[in-house]
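Peer 1: Take a look at this one; I'll ask things after.
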Amino acid sequence: WCQETQIKANGRYILEPTSTSCQIYRVNVGFPHKAEYLLLESRRPVGYDSTVPEEGGLAIWHIDLRRKYGAEEKHPGQAEWPAKHGKVVLLQADGDHHLQSGEVADEGDLFVQGQSLLPGDAKTPVVYPNSDSWFRGKTRSTGIRISNIRVKGDLLEFDFFSPELTDNALPCDIDMKIACTTVD
């Protein structure tokens, strides 16, 4: 198993392909219970991931250790969701939910350049996927934003922001071509 590194600050993060580095980030901030969190990993077409489409992308897993494996699982748009959600759910970038329906993975499942994972918005119909908690069968915004995803050589980088973290600094570009800014 891979060792998880906890994200504890807003900023730009870099991941090597999980299949060659076993590097994974864990996000607990914003979730109401320590058993619910996100795992982030770079899935690239190398090593045991050689069948991953094109450049691969960022896999974002929603984990809830309070759920049992094999328990009935529903997905957004179905009755009884989120009360009956999975223990380990890949937040599919295309929002198709076909993995929860027993189908195979496809090129739309990973987050790629130009895509973001954002919090849900209580004022509009729920947009899925999002970074919301499913605590006690109700959605709750975590405020988490994962954006500016891009592949650079063997590395995948992304920006992470949570309003619960005290540092509101937005990251500098890894090439240092963009100055650092601060969120008001």
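Chains: A, B, ... in order of the structure tokens. Residues: from 1 per chain. Ligands: from 1, in order shown.
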Fewer than 4 positions away in the same chain doesn't count, so skip those; otherwise give me all residues within 12 Å of Gly70 (chain A), counting only C-alpha atoms, as an NGL selection string.
Peer 2: :A and (74 or 84-88 or 100)
Peer 1: Taking only region 53-104 of chain A into account, list the residues labelled strand (DSSP E) by DSSP (computed from the backbone), as an MDAnalysis selection string.
Peer 2: chainID A and resid 57:64 88:90
Peer 1: Please dump the current selection as a JSON list (two decimals), in the first residue's frame; keep C-alpha atoms.
Peer 2:
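Dumped everything to result_38.json:
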```
[["chain", "number", "residue", "atom", "x", "y", "z"],
["A", 57, "GLY", "CA", -4.98, 12.48, -15.23],
["A", 58, "LEU", "CA", -5.86, 13.08, -11.61],
["A", 59, "ALA", "CA", -7.89, 10.36, -9.90],
["A", 60, "ILE", "CA", -9.96, 11.77, -7.03],
["A", 61, "TRP", "CA", -11.40, 9.17, -4.69],
["A", 62, "HIS", "CA", -14.14, 9.91, -2.12],
["A", 63, "ILE", "CA", -13.57, 7.61, 0.86],
["A", 64, "ASP", "CA", -16.02, 7.00, 3.71],
["A", 88, "VAL", "CA", -14.67, 4.00, -2.01],
["A", 89, "VAL", "CA", -15.98, 6.04, -4.95],
["A", 90, "LEU", "CA", -13.98, 7.41, -7.87]]
```
Peer 1: Quick one: everything within 9 Å of region 136-139 of chain A, counting only C-alpha atoms, minus sequence neighbours fewer than 5 positions away in the same chain. Send it as JSON, numbers by chain.
Peer 2: {"A": [80, 81, 82, 83, 84, 85, 120]}
Peer 1: Write the residues of the preceding selection, restricted to N, CA and C atoms, as a PDB file, in the first residue's frame.
Peer 2:
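Below is the file that was written, result20.pdb:
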```pdb
ATOM      1  N   GLU A  80     -32.438   7.660  -2.652  1.00  0.00           N
ATOM      2  CA  GLU A  80     -31.666   7.223  -1.484  1.00  0.00           C
ATOM      3  C   GLU A  80     -30.189   7.611  -1.523  1.00  0.00           C
ATOM      4  N   TRP A  81     -29.771   8.403  -2.522  1.00  0.00           N
ATOM      5  CA  TRP A  81     -28.412   8.925  -2.502  1.00  0.00           C
ATOM      6  C   TRP A  81     -28.476  10.307  -1.881  1.00  0.00           C
ATOM      7  N   PRO A  82     -27.608  10.747  -1.025  1.00  0.00           N
ATOM      8  CA  PRO A  82     -26.329  10.145  -0.675  1.00  0.00           C
ATOM      9  C   PRO A  82     -26.356   9.211   0.536  1.00  0.00           C
ATOM     10  N   ALA A  83     -27.532   8.950   1.104  1.00  0.00           N
ATOM     11  CA  ALA A  83     -27.576   8.059   2.266  1.00  0.00           C
ATOM     12  C   ALA A  83     -26.920   6.718   1.964  1.00  0.00           C
ATOM     13  N   LYS A  84     -27.123   6.200   0.759  1.00  0.00           N
ATOM     14  CA  LYS A  84     -26.530   4.917   0.365  1.00  0.00           C
ATOM     15  C   LYS A  84     -25.448   5.181  -0.674  1.00  0.00           C
ATOM     16  N   HIS A  85     -24.310   5.675  -0.205  1.00  0.00           N
ATOM     17  CA  HIS A  85     -23.171   5.921  -1.092  1.00  0.00           C
ATOM     18  C   HIS A  85     -22.104   4.868  -0.844  1.00  0.00           C
ATOM     19  N   GLY A 120     -20.046  21.905  -4.162  1.00  0.00           N
ATOM     20  CA  GLY A 120     -21.411  22.018  -4.648  1.00  0.00           C
ATOM     21  C   GLY A 120     -21.956  23.396  -4.296  1.00  0.00           C
TER      22      GLY A 120
END
```
Peer 1: I'd like to know which of A:Asp121, A:Asp132, A:Glu107, A:Asp159 is closest to Pro53 (chain A), using only C-alpha atoms.
Peer 2: A:Glu107
Peer 1: Could you name the residues that touch Gln3 (chain A) at 10 Å or less, counting only C-alpha atoms, but leaving out those on the same chain fewer than 2 positions away, as JSON, numbers by chain?
Peer 2: {"A": [1, 5, 6, 22, 23, 24, 25, 26]}
Peer 1: From the options A:Gln92, A:Ser131, A:Ser147, A:Ser50, which residue's atoms come nearest to Gly30 (chain A), counting only C-alpha atoms?
Peer 2: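 Nearest to Gly30 (chain A): A:Ser131.
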Peer 1: Measuring between only C-alpha atoms, which one of A:Gly143, A:Pro163, A:Gly153, A:Pro129 shows the shortest distance to Ala9 (chain A)?
Peer 2: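 Closest candidate: A:Pro163.
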Peer 1: Within 9 Å of region 39-45 of chain A, which residues of region 112-161 of chain A show up? Give each one with its shortest atom-to-atom distance in Å (one decimal) and the two atoms involved, counting only C-alpha atoms, rows by chain then rising residue number, as CSV.
Peer 2:
```
residue,atom,partner,partner_atom,distance
A:Asp154,CA,A:Arg44,CA,8.2
A:Leu155,CA,A:Ser42,CA,8.1
A:Leu156,CA,A:Ser42,CA,6.4
A:Glu157,CA,A:Ser42,CA,8.9
```
Peer 1: Run DSSP on the backbone and give me the residues of region 5-80 of chain A it puts in helix (DSSP H, G or I), as a JSON list (two decimals) with all heavy atoms, in the first residue's frame.
Peer 2:
```json
[["chain", "number", "residue", "atom", "x", "y", "z"],
["A", 18, "THR", "N", 1.39, 7.34, -9.68],
["A", 18, "THR", "CA", 1.27, 6.40, -8.56],
["A", 18, "THR", "C", 1.91, 5.06, -8.88],
["A", 18, "THR", "O", 2.50, 4.42, -8.02],
["A", 18, "THR", "CB", -0.22, 6.21, -8.19],
["A", 18, "THR", "OG1", -0.77, 7.49, -7.93],
["A", 18, "THR", "CG2", -0.38, 5.33, -6.98],
["A", 19, "SER", "N", 1.83, 4.64, -10.15],
["A", 19, "SER", "CA", 2.35, 3.32, -10.52],
["A", 19, "SER", "C", 3.87, 3.23, -10.40],
["A", 19, "SER", "O", 4.41, 2.13, -10.31],
["A", 19, "SER", "CB", 1.93, 2.96, -11.95],
["A", 19, "SER", "OG", 2.46, 3.89, -12.87],
["A", 20, "THR", "N", 4.56, 4.35, -10.37],
["A", 20, "THR", "CA", 6.02, 4.33, -10.23],
["A", 20, "THR", "C", 6.51, 4.94, -8.93],
["A", 20, "THR", "O", 7.65, 4.72, -8.54],
["A", 20, "THR", "CB", 6.71, 5.05, -11.42],
["A", 20, "THR", "OG1", 6.25, 6.41, -11.47],
["A", 20, "THR", "CG2", 6.41, 4.36, -12.74],
["A", 21, "SER", "N", 5.67, 5.72, -8.24],
["A", 21, "SER", "CA", 6.14, 6.42, -7.05],
["A", 21, "SER", "C", 5.35, 6.07, -5.78],
["A", 21, "SER", "O", 5.82, 6.33, -4.68],
["A", 21, "SER", "CB", 6.03, 7.93, -7.25],
["A", 21, "SER", "OG", 4.66, 8.33, -7.25],
["A", 47, "GLY", "N", 3.92, 1.73, -16.21],
["A", 47, "GLY", "CA", 3.90, 0.65, -15.23],
["A", 47, "GLY", "C", 2.58, -0.11, -15.28],
["A", 47, "GLY", "O", 2.04, -0.38, -16.35],
["A", 48, "TYR", "N", 2.03, -0.44, -14.11],
["A", 48, "TYR", "CA", 0.78, -1.20, -14.07],
["A", 48, "TYR", "C", -0.40, -0.41, -14.62],
["A", 48, "TYR", "O", -1.47, -0.96, -14.85],
["A", 48, "TYR", "CB", 0.48, -1.75, -12.68],
["A", 48, "TYR", "CG", 0.27, -0.73, -11.58],
["A", 48, "TYR", "CD1", -0.90, 0.02, -11.50],
["A", 48, "TYR", "CD2", 1.23, -0.52, -10.61],
["A", 48, "TYR", "CE1", -1.10, 0.95, -10.49],
["A", 48, "TYR", "CE2", 1.04, 0.40, -9.59],
["A", 48, "TYR", "CZ", -0.13, 1.14, -9.55],
["A", 48, "TYR", "OH", -0.32, 2.04, -8.54],
["A", 49, "ASP", "N", -0.23, 0.88, -14.85],
["A", 49, "ASP", "CA", -1.28, 1.72, -15.43],
["A", 49, "ASP", "C", -1.09, 1.92, -16.93],
["A", 49, "ASP", "O", -1.60, 2.88, -17.51],
["A", 49, "ASP", "CB", -1.29, 3.10, -14.76],
["A", 49, "ASP", "CG", -2.18, 3.17, -13.53],
["A", 49, "ASP", "OD1", -3.00, 2.25, -13.35],
["A", 49, "ASP", "OD2", -2.06, 4.13, -12.77]]
```
Peer 1: Mind running region 85-145 of chain A against region 76-79 of chain A at 10 Å and telling me each contacting residue's nearest atom pair with the distance in Å (one decimal), counting only C-alpha atoms, chain and number ascending, as a tab-separated table?
Peer 2:
```
residue	atom	partner	partner_atom	distance
A:His85	CA	A:Pro76	CA	8.9
A:Gly95	CA	A:Pro76	CA	9.1
A:Asp96	CA	A:Pro76	CA	9.7
A:His97	CA	A:Pro76	CA	8.0
A:Val126	CA	A:Pro76	CA	8.7
A:Val127	CA	A:Pro76	CA	9.3
A:Tyr128	CA	A:Pro76	CA	7.4
A:Pro129	CA	A:Pro76	CA	8.8
```
Peer 1: If you keep all heavy atoms, can you produce a file of those selected residues as a short mmCIF file (atom, residue, chain, number, x, y, z; two decimals), in the first residue's frame?
Peer 2:
```cif
data_model
loop_
_atom_site.label_atom_id
_atom_site.label_comp_id
_atom_site.auth_asym_id
_atom_site.auth_seq_id
_atom_site.Cartn_x
_atom_site.Cartn_y
_atom_site.Cartn_z
N HIS A 85 -24.31 5.68 -0.20
CA HIS A 85 -23.17 5.92 -1.09
C HIS A 85 -22.10 4.87 -0.84
O HIS A 85 -22.16 4.15 0.16
CB HIS A 85 -22.60 7.33 -0.88
CG HIS A 85 -22.10 7.56 0.51
ND1 HIS A 85 -22.90 8.04 1.51
CD2 HIS A 85 -20.89 7.38 1.06
CE1 HIS A 85 -22.20 8.15 2.62
NE2 HIS A 85 -20.97 7.74 2.39
N GLY A 95 -18.83 12.80 -14.77
CA GLY A 95 -20.10 12.74 -14.05
C GLY A 95 -21.05 11.66 -14.52
O GLY A 95 -22.23 11.68 -14.19
N ASP A 96 -20.55 10.66 -15.26
CA ASP A 96 -21.42 9.63 -15.82
C ASP A 96 -21.85 8.54 -14.84
O ASP A 96 -22.82 7.85 -15.07
CB ASP A 96 -20.76 8.96 -17.03
CG ASP A 96 -20.78 9.83 -18.26
OD1 ASP A 96 -21.52 10.85 -18.27
OD2 ASP A 96 -20.08 9.51 -19.22
N HIS A 97 -21.13 8.34 -13.77
CA HIS A 97 -21.46 7.34 -12.73
C HIS A 97 -21.48 5.91 -13.26
O HIS A 97 -22.10 5.04 -12.66
CB HIS A 97 -22.81 7.64 -12.06
CG HIS A 97 -23.01 9.07 -11.72
ND1 HIS A 97 -22.24 9.73 -10.79
CD2 HIS A 97 -23.88 9.98 -12.20
CE1 HIS A 97 -22.64 10.97 -10.72
NE2 HIS A 97 -23.62 11.16 -11.55
N VAL A 126 -27.60 20.37 -7.72
CA VAL A 126 -26.29 19.82 -7.42
C VAL A 126 -25.56 19.45 -8.71
O VAL A 126 -26.09 18.75 -9.56
CB VAL A 126 -26.42 18.58 -6.51
CG1 VAL A 126 -25.07 17.92 -6.29
CG2 VAL A 126 -27.04 18.96 -5.18
N VAL A 127 -24.37 19.99 -8.83
CA VAL A 127 -23.49 19.64 -9.94
C VAL A 127 -22.56 18.55 -9.43
O VAL A 127 -21.96 18.67 -8.36
CB VAL A 127 -22.68 20.87 -10.40
CG1 VAL A 127 -21.69 20.49 -11.46
CG2 VAL A 127 -23.61 21.97 -10.88
N TYR A 128 -22.46 17.49 -10.18
CA TYR A 128 -21.63 16.38 -9.76
C TYR A 128 -20.67 16.05 -10.89
O TYR A 128 -21.07 16.12 -12.04
CB TYR A 128 -22.51 15.17 -9.43
CG TYR A 128 -21.73 14.06 -8.76
CD1 TYR A 128 -21.52 14.08 -7.40
CD2 TYR A 128 -21.19 13.03 -9.49
CE1 TYR A 128 -20.79 13.09 -6.78
CE2 TYR A 128 -20.45 12.03 -8.89
CZ TYR A 128 -20.26 12.07 -7.53
OH TYR A 128 -19.53 11.10 -6.92
N PRO A 129 -19.43 15.75 -10.63
CA PRO A 129 -18.85 15.56 -9.31
C PRO A 129 -18.57 16.88 -8.61
O PRO A 129 -18.40 17.92 -9.26
CB PRO A 129 -17.56 14.81 -9.60
CG PRO A 129 -17.15 15.29 -10.96
CD PRO A 129 -18.44 15.51 -11.70
#
```
Peer 1: Nearest to Lys8 (chain A) among A:Ile149, A:Val27, A:Val52, A:Leu91, with distances taken over only C-alpha atoms: which residue is it?
Peer 2: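 With only C-alpha atoms as the atom set, the closest residue is A:Val27.
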